[in-house]
Amino acid sequence: MKARPDKTTTIRGPAARGWVIALFAIILAAAFVVSLSLGSVSIPLKDIIGILLGKPALKESWTTIILNFRLTKALTALLAGAALSVAGLQMQTMFRNPLADPFILGINSGASLGVALAVLAIGTTGSILMAGISTAGDLGLAIAASIGAGLVLGLILLVGRQVRNPTTLLILGLMFGYAASAVTSLLIYFSLPERIQAYTVWSYGSFSGVTWSQLRVMAPVILVGLAVTIFLPKPLNALLLGEEYARSMGVDVRWTRVFILLSASVLAGTVTAFCGPIGFIGVAVPHLCRNLLHSANHKSLLPAAALLGGALALLADAIAQLPGSQFVLPINVVTSLFGAPFVVWVIIKQRKGRTSFSV
Amino acid sequence: MKKTTRLLFIFLILALSACAAQPSPQTPNSADSAPVLRSFPIRYAQHFTLEYGDGYKKLTVTQPWAGASEPMVYILVPRGSAAPANVANAQVLETPARSFVAMSTTYFPFLEKLGKLDALVAVDDATYTYNPQVREKVSSGAVAQVGGGAGGGSVNVEKLLELQPDLIMTSASGSPELDAHPKLLEAGLPVVINADYLEQSPLGRAEWGIFIAAFFDMEEQAARDFDALVRRYEAAKALTEGLSDRVTVFTNTDYQGTWYVPGGESYAALLLKDAGARYVFESQPGYGAAPLAFEAVFDAARDADFWLNVGFASDLDSLLTMDARYAEFKAFARGSVYNYNARVTETGGSDYFESGVANPDIILKDLIRIFYPELLPEHTLYYYQKLN
């Protein structure tokens, strides 16, 4: 289907943008249903609805599969996709860099280091911290990852207030990331193969490892992180035109920057803590939204990114489950393998020479 | 050009092995005078052969690593005697070996059985060693650590050159970036590839004790030990053969939604089968572990009687904190969860993965005791423990 010029002009109106966002919400709802109904074990849609309404299923194990496996997985994918997309959008705007992703400042490497310490160093170090993490139960990995991500975030915020130039901040973030990755590699180098496997699997990323007790922590944090972005459209729009312009518009650039860093990092860090490093969605969805909405206004971009991000994460996970087979694929394989050609198609089809960052 | 030389080389090996395979009526005592090779009986192991020639032994690792295209040939000659002619493509080593470097912990139990732990001069890394004698030797400095084992890391060639061992035994993956042996060969060190881990049959894996013993000229003794082991294993296996009602078992744990399920022909699955259990995934083809969805495993194994090999967990609570959904398994609710970590060190060394290779009969008896306690009332669990 070719985009007609008249359609392009109508979509620029705020009302039309509202319709596109409503469409994204419908896609999200559909993706949620698809995610619930597809999996290794085939369960008829009729039974799924019955189980959700609290009726006994044909097979007892189906109830557990739907309520404890697929529902948790779908909610996790939805929240993670939304969080990563919004965080990615914030980072791309703040650094005015189309290649920025939620992890550009090394949040990911910090989280990985935390998990590597928890998974690989237990047994070889008798430290109280590690013992504490291993007894923290199913929140152990998440706590470890949060500590790692928080450490990197703290460093960035500390430096972020001193440094004026965002590019300097970007380079510093990269350096923190390298340092954290080096320590992680060192831990892997000296570890048991089975523990390395546990770490490697975590690093593949997954939505299915999250249980209800973990969701009870993850969901509120992400929802709060998403909610505070209500205050962000204006400063983000101003930042898009450059810091000087933002300043002239009366935006306190320094505090805005800290606020954006904090919000994006908490979102990205929480997802990484619970699901492992999930790539691609955070960098691709903001581009998709800008292109589909023909807009750089964050008032519509932020909700659009949250909705589309959630929907794409759900669909990617549905593919990763390889419905009908017993096998599963790592989620990062699917997002990149299926997502990359799709994004290329959308951008080439819609861009026509415009840059995503022009207003 | 390079390809043709390689083809010629392969052809030469084939021609030589064809000559070597000539049957011979000779007895072992007259091996010295016989011009043709006589093979030593290897019954279960698929990946090595041992033959006797005129004044030498020929050990062939037919598959040094998964997917290897060429065998590794080792010619073993008595110390001081000359290497036979026509073995240009083989490595020549003198026996009996006086010093031994073990790059895997699985060689320790065999050395111990042969009384040859004293020959050990270096290991790759003692962190994950269980054998108390070896750990003692490492901490006293009698045995050096040189790195380069399967755990990764580069091998300390300088230290090995200084030690000048008679034999370095290691496993190989086939990728030169990961393997220690190409570098060691380049340095002129006597390195031998042991492919025991490729054997899927528990007895086949244990038979590699004969491979190790050959370097000490003790293969006859090792073969007698192995025959006794086979008899013990078969006797235990026979206990479960008449059973009509078989327990069902599943293994391993979930990692973030992916459950690695060993194939029906794997080492673990064969042990379960010989112990008279029905492995839930016995129809899963091959011996590699397949990445299944947690829900697929849950659907298949929810009602299984026993749950085994649960990674690092040492009690039911720690299993539950990994994932609360484990409580939904019937085996968990009945408390029928067993793990192979009864014998582990503080640093993570596990005897199941170390001496278990040499003692499949004990693993089998552990399993039978778990599944059908009335069949082996006297046996106490050795490698396995029940999680409480």
# chains A, B, ... in the order shown; residues from 1 in each chain; ligands from 1
call {"tool": "interface_residues", "arguments": {"of": "chain B", "to": "chain A", "cutoff": "6 Å", "atoms": "only C-alpha atoms", "output": "number ranges by chain"}}
result
B: 256-257, 291-293, 296, 321-322, 347
call {"tool": "residues_around", "arguments": {"residues": "Asp245 of chain B", "least_positions_apart": "4", "cutoff": "10 Å", "atoms": "only C-alpha atoms", "output": "short mmCIF file (atom, residue, chain, number, x, y, z; two decimals) with N, CA and C atoms, in the first residue's frame"}}
result
data_model
loop_
_atom_site.label_atom_id
_atom_site.label_comp_id
_atom_site.auth_asym_id
_atom_site.auth_seq_id
_atom_site.Cartn_x
_atom_site.Cartn_y
_atom_site.Cartn_z
N GLY B 276 15.43 -48.09 35.42
CA GLY B 276 14.05 -48.57 35.37
C GLY B 276 13.00 -47.48 35.39
N ALA B 277 13.41 -46.22 35.16
CA ALA B 277 12.44 -45.13 35.17
C ALA B 277 12.02 -44.80 33.74
N ARG B 278 10.88 -44.16 33.62
CA ARG B 278 10.47 -43.68 32.31
C ARG B 278 10.73 -42.17 32.29
#
call {"tool": "residues_around", "arguments": {"residues": "Gly188 of chain B", "least_positions_apart": "5", "cutoff": "12 Å", "atoms": "only C-alpha atoms", "output": "ChimeraX atom specification"}}
result
/B:91-93,157-158,160-161,164-168,181-183
call {"tool": "write_last_selection", "arguments": {"atoms": "C-alpha atoms", "output": "compact mmCIF listing (two decimals), in the first residue's frame"}}
result
# COMPACT_ATOMS: atom_id res chain seq x y z
CA GLN B 91 52.44 -38.29 17.89
CA VAL B 92 54.99 -40.54 19.58
CA LEU B 93 55.03 -40.72 23.39
CA VAL B 157 52.86 -22.60 28.37
CA GLU B 158 55.94 -21.31 30.17
CA LEU B 160 54.46 -26.33 31.43
CA LEU B 161 57.76 -26.00 29.59
CA GLN B 164 58.47 -30.84 31.21
CA PRO B 165 55.69 -33.38 31.90
CA ASP B 166 55.62 -36.74 30.11
CA LEU B 167 51.97 -36.24 29.28
CA ILE B 168 49.34 -33.47 29.20
CA HIS B 181 46.33 -28.24 22.57
CA PRO B 182 47.41 -26.39 19.38
CA LYS B 183 49.54 -24.01 21.40
call {"tool": "residues_around", "arguments": {"residues": "Leu53 of chain A", "least_positions_apart": "6", "cutoff": "12 Å", "atoms": "only C-alpha atoms", "output": "list in words"}}
result
Lys46, Asp47, Thr63, Ile66 and Leu67 of chain A
call {"tool": "write_last_selection", "arguments": {"atoms": "C-alpha atoms", "output": "mmCIF file, in the first residue's frame"}}
result
data_model
loop_
_atom_site.group_PDB
_atom_site.id
_atom_site.type_symbol
_atom_site.label_atom_id
_atom_site.label_comp_id
_atom_site.auth_asym_id
_atom_site.auth_seq_id
_atom_site.Cartn_x
_atom_site.Cartn_y
_atom_site.Cartn_z
ATOM 1 C CA LYS A 46 -12.746 -20.744 24.306
ATOM 2 C CA ASP A 47 -10.954 -22.405 27.238
ATOM 3 C CA THR A 63 -5.332 -23.123 34.253
ATOM 4 C CA ILE A 66 -2.686 -19.488 31.372
ATOM 5 C CA LEU A 67 -2.718 -17.774 34.752
#
call {"tool": "select_by_dssp", "arguments": {"residues": "segment 40-93 of chain A", "states": "alpha helix (DSSP H)", "output": "ChimeraX atom specification"}}
result
/A:45-52,60-64,71-93
call {"tool": "write_last_selection", "arguments": {"atoms": "N, CA and C atoms", "output": "compact mmCIF listing (two decimals), in the first residue's frame"}}
result
# COMPACT_ATOMS: atom_id res chain seq x y z
N LEU A 45 -9.08 -21.07 22.32
CA LEU A 45 -9.40 -19.72 22.78
C LEU A 45 -10.58 -19.74 23.76
N LYS A 46 -11.55 -20.62 23.47
CA LYS A 46 -12.75 -20.74 24.31
C LYS A 46 -12.35 -21.07 25.76
N ASP A 47 -11.41 -22.02 25.90
CA ASP A 47 -10.95 -22.40 27.24
C ASP A 47 -10.17 -21.28 27.90
N ILE A 48 -9.39 -20.54 27.08
CA ILE A 48 -8.59 -19.44 27.65
C ILE A 48 -9.52 -18.41 28.27
N ILE A 49 -10.59 -18.05 27.53
CA ILE A 49 -11.54 -17.07 28.05
C ILE A 49 -12.19 -17.61 29.32
N GLY A 50 -12.55 -18.90 29.28
CA GLY A 50 -13.15 -19.53 30.45
C GLY A 50 -12.25 -19.46 31.66
N ILE A 51 -10.96 -19.76 31.44
CA ILE A 51 -9.99 -19.75 32.55
C ILE A 51 -9.87 -18.34 33.12
N LEU A 52 -9.82 -17.33 32.21
CA LEU A 52 -9.69 -15.95 32.67
C LEU A 52 -10.92 -15.52 33.46
N GLU A 60 -6.47 -29.58 34.00
CA GLU A 60 -6.09 -28.78 35.16
C GLU A 60 -4.83 -27.95 34.90
N SER A 61 -3.88 -28.55 34.13
CA SER A 61 -2.62 -27.85 33.89
C SER A 61 -2.84 -26.59 33.04
N TRP A 62 -3.91 -26.56 32.26
CA TRP A 62 -4.17 -25.39 31.43
C TRP A 62 -4.37 -24.12 32.27
N THR A 63 -5.08 -24.28 33.38
CA THR A 63 -5.33 -23.12 34.25
C THR A 63 -4.01 -22.53 34.72
N THR A 64 -3.10 -23.41 35.18
CA THR A 64 -1.79 -22.93 35.62
C THR A 64 -1.05 -22.28 34.48
N LEU A 71 -0.16 -15.24 31.33
CA LEU A 71 -0.64 -13.93 31.75
C LEU A 71 0.52 -13.10 32.31
N THR A 72 1.36 -13.73 33.12
CA THR A 72 2.51 -13.00 33.66
C THR A 72 3.44 -12.58 32.53
N LYS A 73 3.63 -13.50 31.57
CA LYS A 73 4.54 -13.21 30.47
C LYS A 73 4.01 -12.06 29.62
N ALA A 74 2.69 -12.07 29.35
CA ALA A 74 2.10 -11.03 28.51
C ALA A 74 2.18 -9.67 29.20
N LEU A 75 1.86 -9.64 30.50
CA LEU A 75 1.94 -8.37 31.24
C LEU A 75 3.37 -7.85 31.28
N THR A 76 4.31 -8.77 31.48
CA THR A 76 5.73 -8.38 31.51
C THR A 76 6.15 -7.80 30.17
N ALA A 77 5.79 -8.49 29.09
CA ALA A 77 6.18 -8.02 27.75
C ALA A 77 5.59 -6.64 27.50
N LEU A 78 4.33 -6.47 27.85
CA LEU A 78 3.65 -5.19 27.63
C LEU A 78 4.37 -4.06 28.36
N LEU A 79 4.63 -4.29 29.66
CA LEU A 79 5.29 -3.25 30.47
C LEU A 79 6.71 -2.99 29.98
N ALA A 80 7.43 -4.07 29.68
CA ALA A 80 8.83 -3.92 29.27
C ALA A 80 8.92 -3.18 27.94
N GLY A 81 8.06 -3.56 27.00
CA GLY A 81 8.07 -2.92 25.69
C GLY A 81 7.77 -1.44 25.80
N ALA A 82 6.76 -1.11 26.61
CA ALA A 82 6.39 0.30 26.79
C ALA A 82 7.53 1.07 27.46
N ALA A 83 8.10 0.49 28.51
CA ALA A 83 9.16 1.17 29.25
C ALA A 83 10.38 1.43 28.38
N LEU A 84 10.80 0.41 27.64
CA LEU A 84 12.00 0.56 26.83
C LEU A 84 11.79 1.58 25.71
N SER A 85 10.58 1.56 25.11
CA SER A 85 10.33 2.50 24.01
C SER A 85 10.33 3.93 24.50
N VAL A 86 9.68 4.17 25.65
CA VAL A 86 9.63 5.53 26.19
C VAL A 86 11.02 5.99 26.61
N ALA A 87 11.77 5.08 27.24
CA ALA A 87 13.13 5.43 27.66
C ALA A 87 14.00 5.72 26.44
N GLY A 88 13.83 4.92 25.39
CA GLY A 88 14.61 5.13 24.17
C GLY A 88 14.28 6.46 23.52
N LEU A 89 13.00 6.78 23.49
CA LEU A 89 12.58 8.07 22.92
C LEU A 89 13.21 9.23 23.68
N GLN A 90 13.19 9.14 25.00
CA GLN A 90 13.77 10.21 25.82
C GLN A 90 15.26 10.37 25.54
N MET A 91 15.97 9.24 25.44
CA MET A 91 17.41 9.30 25.20
C MET A 91 17.72 9.86 23.82
N GLN A 92 16.94 9.43 22.80
CA GLN A 92 17.19 9.91 21.44
C GLN A 92 16.98 11.42 21.35
N THR A 93 15.96 11.90 22.05
CA THR A 93 15.69 13.33 22.01
C THR A 93 16.75 14.11 22.79
call {"tool": "residues_around", "arguments": {"residues": "Phe103 of chain A", "least_positions_apart": "6", "cutoff": "9 Å", "atoms": "only C-alpha atoms", "output": "PyMOL selection string"}}
result
chain A and resi 87-88+91+109+265+268-269+277+279+282
call {"tool": "closest_residue", "arguments": {"among": "B:Leu320, B:Ala68, B:Val344, B:Ala187", "to": "Asn131 of chain B", "atoms": "only C-alpha atoms"}}
result
B:Val344
call {"tool": "residues_around", "arguments": {"residues": "Tyr233 of chain B", "least_positions_apart": "2", "cutoff": "10 Å", "atoms": "only C-alpha atoms", "output": "list of chain:residue names"}}
result
B:Pro202, B:Leu203, B:Asp227, B:Ala228, B:Leu229, B:Val230, B:Arg231, B:Ala235, B:Ala236, B:Lys237, B:Ala238, B:Asp274, B:Asn359, B:Pro360, B:Asp361, B:Ile362, B:Ile363, B:Leu364, B:Lys365
call {"tool": "write_last_selection", "arguments": {"atoms": "N, CA and C atoms", "output": "mmCIF file, in the first residue's frame"}}
result
data_model
loop_
_atom_site.group_PDB
_atom_site.id
_atom_site.type_symbol
_atom_site.label_atom_id
_atom_site.label_comp_id
_atom_site.auth_asym_id
_atom_site.auth_seq_id
_atom_site.Cartn_x
_atom_site.Cartn_y
_atom_site.Cartn_z
ATOM 1 N N PRO B 202 26.932 -44.491 29.712
ATOM 2 C CA PRO B 202 27.669 -44.334 30.972
ATOM 3 C C PRO B 202 28.863 -45.290 31.051
ATOM 4 N N LEU B 203 28.689 -46.532 30.577
ATOM 5 C CA LEU B 203 29.810 -47.470 30.619
ATOM 6 C C LEU B 203 30.894 -47.066 29.624
ATOM 7 N N ASP B 227 35.889 -54.422 33.852
ATOM 8 C CA ASP B 227 35.009 -55.597 33.762
ATOM 9 C C ASP B 227 34.202 -55.764 35.048
ATOM 10 N N ALA B 228 34.867 -55.547 36.187
ATOM 11 C CA ALA B 228 34.163 -55.656 37.466
ATOM 12 C C ALA B 228 33.074 -54.583 37.561
ATOM 13 N N LEU B 229 33.401 -53.380 37.055
ATOM 14 C CA LEU B 229 32.432 -52.280 37.058
ATOM 15 C C LEU B 229 31.216 -52.649 36.199
ATOM 16 N N VAL B 230 31.486 -53.230 35.018
ATOM 17 C CA VAL B 230 30.392 -53.610 34.124
ATOM 18 C C VAL B 230 29.489 -54.636 34.812
ATOM 19 N N ARG B 231 30.107 -55.591 35.506
ATOM 20 C CA ARG B 231 29.305 -56.612 36.189
ATOM 21 C C ARG B 231 28.430 -55.969 37.262
ATOM 22 N N ALA B 235 24.391 -55.893 37.042
ATOM 23 C CA ALA B 235 23.644 -56.527 38.123
ATOM 24 C C ALA B 235 22.599 -55.560 38.676
ATOM 25 N N ALA B 236 22.991 -54.299 38.840
ATOM 26 C CA ALA B 236 22.047 -53.307 39.351
ATOM 27 C C ALA B 236 20.930 -53.074 38.340
ATOM 28 N N LYS B 237 21.318 -52.983 37.063
ATOM 29 C CA LYS B 237 20.337 -52.749 35.999
ATOM 30 C C LYS B 237 19.331 -53.894 35.942
ATOM 31 N N ALA B 238 19.826 -55.143 36.163
ATOM 32 C CA ALA B 238 18.958 -56.317 36.079
ATOM 33 C C ALA B 238 17.849 -56.262 37.127
ATOM 34 N N ASP B 274 18.251 -47.104 32.461
ATOM 35 C CA ASP B 274 18.827 -48.293 33.080
ATOM 36 C C ASP B 274 18.361 -48.449 34.520
ATOM 37 N N ASN B 359 32.446 -43.934 37.997
ATOM 38 C CA ASN B 359 31.604 -44.806 38.830
ATOM 39 C C ASN B 359 30.131 -44.799 38.420
ATOM 40 N N PRO B 360 29.820 -45.110 37.151
ATOM 41 C CA PRO B 360 28.409 -45.072 36.754
ATOM 42 C C PRO B 360 27.563 -46.077 37.526
ATOM 43 N N ASP B 361 28.208 -47.143 38.055
ATOM 44 C CA ASP B 361 27.439 -48.132 38.828
ATOM 45 C C ASP B 361 26.887 -47.510 40.095
ATOM 46 N N ILE B 362 27.674 -46.604 40.712
ATOM 47 C CA ILE B 362 27.187 -45.972 41.952
ATOM 48 C C ILE B 362 26.054 -44.989 41.630
ATOM 49 N N ILE B 363 26.203 -44.247 40.527
ATOM 50 C CA ILE B 363 25.117 -43.337 40.117
ATOM 51 C C ILE B 363 23.845 -44.149 39.877
ATOM 52 N N LEU B 364 24.009 -45.277 39.173
ATOM 53 C CA LEU B 364 22.842 -46.110 38.859
ATOM 54 C C LEU B 364 22.174 -46.618 40.130
ATOM 55 N N LYS B 365 23.008 -47.054 41.090
ATOM 56 C CA LYS B 365 22.433 -47.563 42.344
ATOM 57 C C LYS B 365 21.732 -46.438 43.107
#
call {"tool": "atom_distance", "arguments": {"atom1": "atom CA of Arg343 of chain B", "atom2": "atom CA of Ser318 of chain B"}}
result
18.1 Å
call {"tool": "residues_around", "arguments": {"residues": "Ile370 of chain B", "least_positions_apart": "4", "cutoff": "12 Å", "atoms": "only C-alpha atoms", "output": "PyMOL selection string"}}
result
chain B and resi 247-249+272+275-277+305-308+335-340+363-366+374-377+379-386
call {"tool": "write_last_selection", "arguments": {"atoms": "C-alpha atoms", "output": "PDB file, in the first residue's frame"}}
result
ATOM      1  CA  VAL B 247       8.137 -44.318  37.802  1.00  0.00           C
ATOM      2  CA  THR B 248       8.216 -41.188  35.614  1.00  0.00           C
ATOM      3  CA  VAL B 249      11.059 -38.681  35.883  1.00  0.00           C
ATOM      4  CA  LEU B 272      17.434 -43.046  34.046  1.00  0.00           C
ATOM      5  CA  ALA B 275      17.478 -47.415  36.539  1.00  0.00           C
ATOM      6  CA  GLY B 276      14.053 -48.568  35.371  1.00  0.00           C
ATOM      7  CA  ALA B 277      12.438 -45.132  35.170  1.00  0.00           C
ATOM      8  CA  ASP B 305       6.775 -38.907  40.039  1.00  0.00           C
ATOM      9  CA  PHE B 306      10.336 -37.613  40.433  1.00  0.00           C
ATOM     10  CA  TRP B 307      12.296 -34.475  39.645  1.00  0.00           C
ATOM     11  CA  LEU B 308      16.088 -34.788  39.418  1.00  0.00           C
ATOM     12  CA  GLY B 335       8.858 -33.903  48.105  1.00  0.00           C
ATOM     13  CA  SER B 336      10.319 -36.236  45.468  1.00  0.00           C
ATOM     14  CA  VAL B 337      13.065 -33.863  44.347  1.00  0.00           C
ATOM     15  CA  TYR B 338      16.654 -35.134  44.285  1.00  0.00           C
ATOM     16  CA  ASN B 339      19.880 -33.437  43.304  1.00  0.00           C
ATOM     17  CA  TYR B 340      23.376 -34.747  42.562  1.00  0.00           C
ATOM     18  CA  ILE B 363      25.117 -43.337  40.117  1.00  0.00           C
ATOM     19  CA  LEU B 364      22.842 -46.110  38.859  1.00  0.00           C
ATOM     20  CA  LYS B 365      22.433 -47.563  42.344  1.00  0.00           C
ATOM     21  CA  ASP B 366      21.648 -44.079  43.689  1.00  0.00           C
ATOM     22  CA  GLU B 374      12.873 -51.766  48.166  1.00  0.00           C
ATOM     23  CA  LEU B 375      15.207 -53.077  45.419  1.00  0.00           C
ATOM     24  CA  LEU B 376      18.375 -51.779  47.099  1.00  0.00           C
ATOM     25  CA  PRO B 377      17.560 -51.474  50.799  1.00  0.00           C
ATOM     26  CA  HIS B 379      22.462 -48.815  49.501  1.00  0.00           C
ATOM     27  CA  THR B 380      22.877 -45.325  50.917  1.00  0.00           C
ATOM     28  CA  LEU B 381      22.817 -42.392  48.495  1.00  0.00           C
ATOM     29  CA  TYR B 382      26.331 -41.371  47.449  1.00  0.00           C
ATOM     30  CA  TYR B 383      26.135 -38.615  44.814  1.00  0.00           C
ATOM     31  CA  TYR B 384      22.453 -37.775  45.196  1.00  0.00           C
ATOM     32  CA  GLN B 385      20.555 -36.255  48.078  1.00  0.00           C
ATOM     33  CA  LYS B 386      16.916 -35.625  48.733  1.00  0.00           C
TER      34      LYS B 386
END
call {"tool": "atom_distance", "arguments": {"atom1": "atom CA of Thr258 of chain B", "atom2": "atom CA of Asp317 of chain A"}}
result
12.7 Å
call {"tool": "atom_distance", "arguments": {"atom1": "atom CA of Pro14 of chain A", "atom2": "atom CA of Ser248 of chain A"}}
result
25.9 Å
